[in-house]
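The next block is upload.txt, given as compact mmCIF, C-alpha atoms.
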# COMPACT_ATOMS: atom_id res chain seq x y z
CA MET L 1 -99.94 -86.34 -51.64
CA GLY L 2 -102.41 -83.54 -51.08
CA ARG L 3 -101.56 -79.90 -51.26
CA LYS L 4 -99.84 -78.28 -48.29
CA ILE L 5 -102.23 -76.12 -46.25
CA PRO L 6 -100.44 -72.98 -45.08
CA ALA L 7 -100.55 -72.49 -41.30
CA LYS L 8 -100.74 -69.22 -39.42
CA LYS L 9 -97.29 -68.09 -38.46
CA HIS L 10 -96.69 -66.82 -34.96
CA ARG L 11 -93.84 -64.38 -35.28
CA GLY L 12 -92.40 -62.82 -32.19
CA VAL L 13 -93.73 -62.75 -28.64
CA LYS L 14 -97.26 -61.38 -28.18
CA ASP L 15 -99.00 -60.29 -25.02
CA PRO L 16 -101.57 -62.95 -23.96
CA GLU L 17 -103.79 -60.35 -22.23
CA LYS L 18 -104.12 -58.30 -25.41
CA GLN L 19 -104.95 -61.44 -27.36
CA ARG L 20 -107.65 -62.38 -24.83
CA ALA L 21 -109.20 -58.90 -24.91
CA LYS L 22 -109.27 -58.95 -28.72
CA ARG L 23 -110.98 -62.37 -28.75
CA LEU L 24 -113.64 -61.30 -26.20
CA ALA L 25 -114.36 -58.15 -28.17
CA GLY L 26 -115.15 -60.23 -31.27
CA LEU L 27 -117.51 -62.48 -29.27
CA GLU L 28 -119.50 -59.73 -27.56
CA SER L 29 -122.23 -59.65 -30.22
CA ARG L 30 -122.45 -63.43 -30.49
CA THR L 31 -122.69 -64.68 -26.90
CA ASN L 32 -125.81 -64.59 -24.73
CA ASP L 33 -124.44 -62.16 -22.19
CA PRO L 34 -126.71 -60.18 -19.86
CA PRO L 35 -127.69 -56.68 -21.11
CA LYS L 36 -125.27 -53.93 -20.25
CA ASN L 37 -128.11 -51.50 -19.61
CA VAL L 38 -131.14 -52.99 -17.80
CA ASP L 39 -133.52 -50.31 -19.03
CA GLU L 40 -132.73 -51.06 -22.68
CA GLN L 41 -133.50 -54.54 -24.14
CA ALA L 42 -133.03 -55.59 -27.81
CA ILE L 43 -135.93 -57.04 -29.83
CA PRO L 44 -135.63 -60.83 -30.44
CA LYS L 45 -134.77 -61.97 -33.95
CA SER L 46 -137.91 -64.10 -34.22
CA LEU L 47 -140.10 -61.07 -33.48
CA GLU L 48 -138.25 -58.97 -36.06
CA HIS L 49 -138.80 -61.72 -38.66
CA MET L 50 -142.53 -61.87 -37.83
CA ILE L 51 -142.94 -58.10 -38.18
CA ARG L 52 -141.12 -58.15 -41.52
CA LEU L 53 -143.42 -60.86 -42.89
CA LYS L 54 -146.53 -59.01 -41.69
CA GLU L 55 -145.53 -55.85 -43.47
CA ALA L 56 -144.69 -57.76 -46.65
CA ALA L 57 -148.15 -59.37 -46.60
CA LYS L 58 -149.84 -55.97 -46.46
CA HIS L 59 -147.97 -54.57 -49.46
CA SER L 60 -148.09 -57.71 -51.76
CA ASP L 61 -151.01 -59.90 -52.88
CA ASN L 62 -148.83 -62.61 -54.57
CA LEU L 63 -148.56 -64.86 -51.54
CA LYS L 64 -149.44 -68.50 -52.20
CA LYS L 65 -152.46 -69.70 -50.32
CA LYS L 66 -152.73 -73.30 -49.20
CA ARG L 67 -155.44 -75.24 -50.93
CA LYS L 68 -157.92 -76.91 -48.71
CA LYS L 69 -158.24 -80.63 -49.25
CA LYS L 70 -161.60 -81.81 -50.40
CA LYS L 71 -163.44 -84.17 -48.14
CA ASN L 72 -164.39 -86.59 -50.94
CA SER L 73 -160.94 -86.84 -52.59
CA LEU L 74 -160.66 -90.65 -52.43
CA ILE L 75 -159.73 -92.48 -55.67
CA CYS L 76 -162.30 -94.71 -57.33
CA VAL L 77 -161.35 -97.00 -60.25
CA GLY L 78 -163.53 -99.28 -62.41
CA SER L 79 -166.97 -97.61 -62.35
CA GLN L 80 -169.50 -99.20 -64.75
CA ASP L 81 -172.14 -96.49 -64.95
CA ASN L 82 -171.82 -95.60 -68.67
CA LYS L 83 -171.52 -99.16 -69.98
CA ALA L 84 -173.51 -100.26 -73.04
CA ASN L 85 -175.99 -103.09 -72.71
CA PRO L 86 -174.65 -106.40 -74.12
CA HIS L 87 -176.43 -108.55 -76.70
CA PRO L 88 -179.12 -110.82 -75.17
CA ASN L 89 -177.72 -113.99 -76.84
CA ALA L 90 -174.10 -113.15 -76.09
CA ARG L 91 -172.01 -114.84 -73.46
CA PRO L 92 -172.29 -113.03 -70.09
CA GLU L 93 -169.26 -110.86 -69.55
CA LYS L 94 -167.18 -111.10 -66.45
CA VAL L 95 -167.92 -108.46 -63.85
CA VAL L 96 -165.02 -106.03 -63.57
CA PRO L 97 -164.29 -105.21 -59.93
CA VAL L 98 -164.53 -101.65 -58.64
CA PHE L 99 -161.63 -100.39 -56.54
CA GLN L 100 -162.36 -97.77 -53.90
CA GLN L 101 -159.64 -96.15 -51.84
CA LYS L 102 -160.06 -96.53 -48.11
CA PRO L 103 -160.05 -93.46 -45.87
CA GLU L 104 -156.80 -94.31 -44.08
CA GLU L 105 -155.09 -95.85 -47.13
CA SER L 106 -152.24 -94.04 -48.88
CA LYS L 107 -151.98 -93.75 -52.66
CA ARG L 108 -149.03 -96.16 -52.76
CA GLN L 109 -150.92 -98.82 -50.81
CA PHE L 110 -154.05 -98.31 -52.92
CA TRP L 111 -152.26 -98.71 -56.28
CA HIS L 112 -150.38 -101.74 -54.95
CA ARG L 113 -153.70 -103.36 -54.02
CA VAL L 114 -155.17 -102.51 -57.44
CA ASN L 115 -152.17 -104.05 -59.24
CA LYS L 116 -152.31 -107.24 -57.15
CA GLU L 117 -156.06 -107.78 -57.67
CA THR L 118 -155.80 -107.00 -61.40
CA HIS L 119 -153.18 -109.73 -61.90
CA ALA L 120 -155.39 -112.20 -60.01
CA PHE L 121 -158.38 -111.19 -62.19
CA LEU L 122 -156.40 -111.74 -65.41
CA LYS L 123 -155.21 -115.19 -64.26
CA GLU L 124 -158.78 -116.18 -63.46
CA THR L 125 -159.95 -115.03 -66.91
CA THR L 126 -157.26 -117.06 -68.71
CA PHE L 127 -158.22 -120.12 -66.62
CA GLU L 128 -161.87 -119.75 -67.67
CA GLN L 129 -160.97 -119.40 -71.36
CA LYS L 130 -158.60 -122.39 -71.28
CA TYR L 131 -160.99 -124.90 -69.68
CA GLY L 132 -164.31 -123.42 -70.86
CA VAL L 133 -165.70 -122.77 -67.39
CA GLN L 134 -166.93 -119.79 -65.43
CA VAL L 135 -165.96 -119.07 -61.84
CA GLU L 136 -168.88 -118.06 -59.63
CA ARG L 137 -168.13 -115.74 -56.73
CA ASP L 138 -170.21 -114.33 -53.92
CA PRO L 139 -170.94 -110.67 -54.79
CA GLU L 140 -170.72 -109.60 -51.13
CA THR L 141 -167.69 -111.50 -49.81
CA GLY L 142 -165.92 -112.28 -53.13
CA LEU L 143 -165.27 -115.92 -52.21
CA ILE L 144 -165.43 -118.67 -54.86
CA GLN L 145 -168.70 -120.64 -54.72
CA GLY L 146 -168.17 -123.05 -57.65
CA LEU L 147 -167.59 -123.59 -61.36
CA THR L 148 -170.13 -123.73 -64.18
CA LYS L 149 -169.34 -125.26 -67.56
CA CYS L 150 -170.05 -122.99 -70.53
CA LYS L 151 -171.88 -124.18 -73.65
CA VAL L 152 -169.69 -124.83 -76.67
CA ASP L 153 -170.78 -122.98 -79.81
CA LYS L 154 -170.84 -124.52 -83.28
CA ASP L 155 -168.11 -122.15 -84.42
CA ASP L 156 -165.81 -123.47 -81.69
CA ILE L 157 -166.48 -127.09 -82.74
CA GLU L 158 -165.67 -126.30 -86.39
CA GLY L 159 -162.50 -124.55 -85.31
CA LEU L 160 -161.39 -127.61 -83.34
CA ARG L 161 -162.11 -129.86 -86.32
CA ALA L 162 -160.06 -127.64 -88.61
CA LYS L 163 -157.23 -127.62 -86.08
CA HIS L 164 -157.14 -131.43 -85.73
CA LYS L 165 -158.06 -132.39 -89.30
CA ASN L 166 -154.89 -134.48 -89.73
CA ILE L 167 -155.77 -136.97 -86.96
CA SER L 168 -157.34 -139.40 -89.43
CA LYS L 169 -154.20 -139.31 -91.62
CA LYS L 170 -152.02 -140.19 -88.65
CA LYS L 171 -154.23 -143.18 -87.84
CA VAL L 172 -153.97 -144.46 -91.42
CA THR L 173 -150.17 -144.18 -91.49
CA THR L 174 -149.78 -146.11 -88.22
CA GLU L 175 -151.62 -149.11 -89.80
CA GLY L 176 -153.38 -150.19 -86.68
CA ALA L 177 -150.34 -149.91 -84.41
CA LYS L 178 -151.19 -149.82 -80.72
CA VAL L 179 -150.69 -146.43 -79.08
CA LEU L 180 -148.77 -146.85 -75.83
CA THR L 181 -149.80 -145.01 -72.71
CA LYS L 182 -147.37 -143.17 -70.46
CA LYS L 183 -147.25 -146.09 -68.03
CA GLU L 184 -146.50 -148.61 -70.81
CA LYS L 185 -143.80 -146.35 -72.28
CA ARG L 186 -142.17 -146.08 -68.85
CA LYS L 187 -142.18 -149.89 -68.47
CA LEU L 188 -140.66 -150.32 -71.93
CA GLN L 189 -137.86 -147.85 -71.13
CA LEU L 190 -137.10 -149.65 -67.85
CA ARG L 191 -136.95 -153.05 -69.61
CA LEU L 192 -134.57 -151.71 -72.27
CA LYS L 193 -132.38 -150.17 -69.58
CA ARG L 194 -132.19 -153.50 -67.67
CA GLU L 195 -131.26 -155.37 -70.85
CA LYS L 196 -128.52 -152.87 -71.58
CA THR L 197 -127.02 -153.21 -68.09
CA ARG L 198 -127.25 -157.04 -68.29
CA ARG L 199 -125.51 -156.97 -71.68
CA GLY L 200 -122.72 -154.84 -70.21
CA LYS L 201 -122.21 -157.34 -67.36
CA ASP L 202 -122.07 -160.22 -69.86
CA ASP L 203 -119.36 -158.42 -71.84
CA ASP L 204 -117.19 -158.35 -68.72
CA ASN L 205 -117.39 -162.16 -68.44
CA GLU L 206 -117.07 -163.22 -72.07
CA PHE L 207 -116.00 -166.79 -71.29
CA GLN L 208 -119.25 -167.53 -69.49
CA ARG L 209 -121.05 -167.55 -72.83
CA PHE L 210 -118.75 -170.27 -74.26
CA GLN L 211 -120.19 -173.28 -72.48
CA ASP L 212 -120.47 -176.79 -73.92
CA LYS L 213 -123.70 -178.69 -73.56
CA VAL L 214 -122.72 -182.09 -72.16
CA ALA L 215 -125.26 -184.87 -72.58
CA PHE L 216 -126.11 -187.24 -69.76
CA GLY L 217 -123.59 -190.09 -69.49
CA GLU L 218 -121.05 -188.55 -71.88
CA VAL L 219 -117.40 -189.31 -71.00
CA ALA L 220 -114.29 -187.32 -72.11
CA HIS L 221 -111.18 -189.56 -72.41
CA ALA L 222 -108.75 -186.69 -73.27
CA PRO L 223 -108.68 -182.90 -73.35
CA PRO L 224 -109.57 -181.20 -76.63
CA VAL L 225 -106.83 -180.82 -79.25
CA LEU L 226 -106.28 -177.37 -80.73
CA LYS L 227 -105.68 -177.42 -84.48
CA PHE L 228 -104.24 -174.28 -86.06
CA LYS L 229 -101.75 -173.47 -88.80
CA THR L 230 -98.14 -172.71 -87.71
CA LYS L 231 -94.96 -171.79 -89.53
CA ALA L 232 -92.28 -174.45 -90.14
CA ILE L 233 -89.71 -174.51 -87.33
CA ILE L 234 -86.08 -174.66 -88.44
CA GLY L 235 -84.24 -177.48 -86.68
CA GLU L 236 -81.00 -175.59 -86.21
CA GLU L 237 -79.72 -174.83 -82.75
CA ARG L 238 -79.62 -171.23 -81.75
CA LYS L 239 -76.06 -169.93 -81.64
CA PRO L 240 -74.96 -167.20 -79.30
CA LYS L 241 -74.01 -163.86 -80.76
CA ASN L 242 -70.37 -163.24 -81.69
CA LEU L 243 -69.58 -160.92 -78.82
CA LEU L 244 -66.24 -159.30 -78.17
CA LEU L 245 -65.52 -161.18 -74.95
CA ASN L 246 -66.62 -164.64 -76.13
CA SER L 247 -63.03 -165.63 -76.90
CA LEU L 248 -61.91 -164.69 -73.39
CA LEU L 249 -64.88 -166.25 -71.62
CA GLU L 250 -64.47 -169.68 -73.30
CA VAL L 251 -62.94 -171.39 -70.26
CA PRO L 252 -63.51 -175.05 -69.42
CA LYS L 253 -66.24 -175.26 -66.84
CA LYS L 254 -65.25 -176.73 -63.53
CA ILE L 255 -67.61 -178.83 -61.57
CA ALA L 256 -68.41 -176.73 -58.53
CA PRO L 257 -69.63 -178.28 -55.34
CA ALA L 258 -73.28 -177.97 -54.56
CA SER L 259 -73.85 -174.71 -52.74
CA LYS L 260 -76.83 -172.96 -51.35
CA ALA L 261 -78.67 -170.85 -53.93
CA ILE L 262 -78.38 -167.09 -53.30
CA ASP L 263 -80.90 -164.58 -54.56
CA ARG L 264 -78.96 -161.94 -56.57
CA SER L 265 -81.99 -160.08 -57.89
CA GLY L 266 -81.86 -157.44 -55.12
CA LYS L 267 -79.29 -154.75 -54.40
CA ARG L 268 -75.64 -155.69 -53.97
CA LYS L 269 -75.37 -154.16 -50.51
CA LYS L 270 -77.99 -156.62 -49.21
CA LEU L 271 -75.94 -159.67 -50.29
CA PRO L 272 -73.57 -161.50 -47.91
CA ILE L 273 -70.04 -160.14 -47.60
CA ALA L 274 -68.38 -163.20 -49.24
CA GLU L 275 -70.74 -163.14 -52.20
CA ARG L 276 -70.29 -159.39 -52.60
CA ARG L 277 -66.48 -159.72 -52.69
CA LYS L 278 -66.76 -162.53 -55.24
CA LEU L 279 -68.91 -160.39 -57.53
CA GLU L 280 -66.60 -157.41 -57.20
CA ARG L 281 -63.55 -159.61 -58.06
CA GLN L 282 -65.28 -161.02 -61.13
CA GLN L 283 -66.29 -157.53 -62.25
CA HIS L 284 -62.71 -156.28 -61.84
CA GLU L 285 -61.30 -159.25 -63.82
CA ILE L 286 -63.72 -158.72 -66.69
CA ILE L 287 -62.94 -154.99 -66.90
CA THR L 288 -59.18 -155.54 -66.93
CA ALA L 289 -59.49 -158.30 -69.57
CA TYR L 290 -61.63 -156.04 -71.74
CA ARG L 291 -59.11 -153.19 -71.47
CA GLN L 292 -56.19 -155.49 -72.38
CA PHE L 293 -58.05 -156.92 -75.36
CA LYS L 294 -58.99 -153.41 -76.55
CA SER L 295 -55.41 -152.11 -76.29
CA GLN L 296 -54.06 -155.23 -78.11
CA ARG L 297 -56.59 -154.75 -80.90
CA LEU L 298 -55.64 -151.08 -81.35
CA ALA L 299 -51.95 -152.00 -81.47
CA ASP L 300 -52.59 -154.60 -84.23
CA ILE L 301 -54.55 -152.05 -86.25
CA ASN L 302 -51.77 -149.43 -86.02
CA ASN L 303 -49.11 -151.98 -87.04
Would you mind writing the file's structure down as structure tokens?
Amino acid sequence: MGRKIPAKKHRGVKDPEKQRAKRLAGLESRTNDPPKNVDEQAIPKSLEHMIRLKEAAKHSDNLKKKRKKKKNSLICVGSQDNKANPHPNARPEKVVPVFQQKPEESKRQFWHRVNKETHAFLKETTFEQKYGVQVERDPETGLIQGLTKCKVDKDDIEGLRAKHKNISKKKVTTEGAKVLTKKEKRKLQLRLKREKTRRGKDDDNEFQRFQDKVAFGEVAHAPPVLKFKTKAIIGEERKPKNLLLNSLLEVPKKIAPASKAIDRSGKRKKLPIAERRKLERQQHEIITAYRQFKSQRLADINN
């Protein structure tokens, strides 16, 4: 919370007329009321300020005077008056443009134009040095007329030879191998990619590769016989495990009449009512028999 600003307290009952008179008395010198005396009129504040400045100018000579702008104060950049003459056999230098400020152009606009044209001039120079050409422009309009190829000096040729002196070594190491072009390399990559995808499809269908070549007129009288090594099989019958309830469940089997097969793989509540009761009765009998057998076994142990 901010601090509490104390308010003006109004204690007691005050006369509103006295308050109004006091307020009007404080505003007499501030409002634009008509003059009390018509014959007397106060001097305006602007006139008093003008008279004060006039008197101060008479008594002091330290006032700053405005400088008059020169008529020919436009900026000019890139003059080539005091330039030395180049060597007659030297390569002709590129003409540096001269930038002249226009009469209605501000300094900001002028320097922006100089910066833009300078960057374009530098790009053009790097292009000429890279490709060994010279751009010809119209001196009046500045438009490009064409390109002229420059003569290559002997020093430049020797420099290129020194730079690429290991080309012969590379050719010897390749032993006459054919150098592929970009188009041939692209074709080779596409062929390798197709083979890879075809190989992946063949891996999915491994059994398609295992095909017998059947000669014309060949007849198969029997399917092929698989021959592999197996362990000796013991000829003993498998006995059931000695479970706890085997002795109780060994009841002579009765021949039951043929009945309709019932699917018991689902839930019990979906079975018929008769079958459900039969299962519940069998479950109850097994549980009671197990409990009796368990209690009898505990009694024998204790005795």
Using only the atoms of segment 138-151 of chain L listed in the file, plus 5 Å on each side, state the axis-aligned box centre and edge lengths in Å rounded to one decimal, as AutoDock Vina command-line options.
--center_x -168.6 --center_y -117.4 --center_z -61.7 --size_x 16.6 --size_y 25.7 --size_z 33.8
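Using all atoms listed in the file, the shortest contact distance between Pro97 of chain L and any of L:Gln134, L:Gln19, L:Thr118, L:Ser46 is found at L:Thr118.
The interatomic distance for the pair atom CA of Phe121 of chain L and atom CA of Pro139 of chain L works out to 14.6 Å.
The interatomic distance for the pair atom CA of Tyr131 of chain L and atom CA of Cys150 of chain L works out to 9.3 Å.
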query = Which value, in Å to one decimal, gives the distance between atom CA of Thr125 of chain L and atom CA of Arg108 of chain L?
reply = 26.0 Å
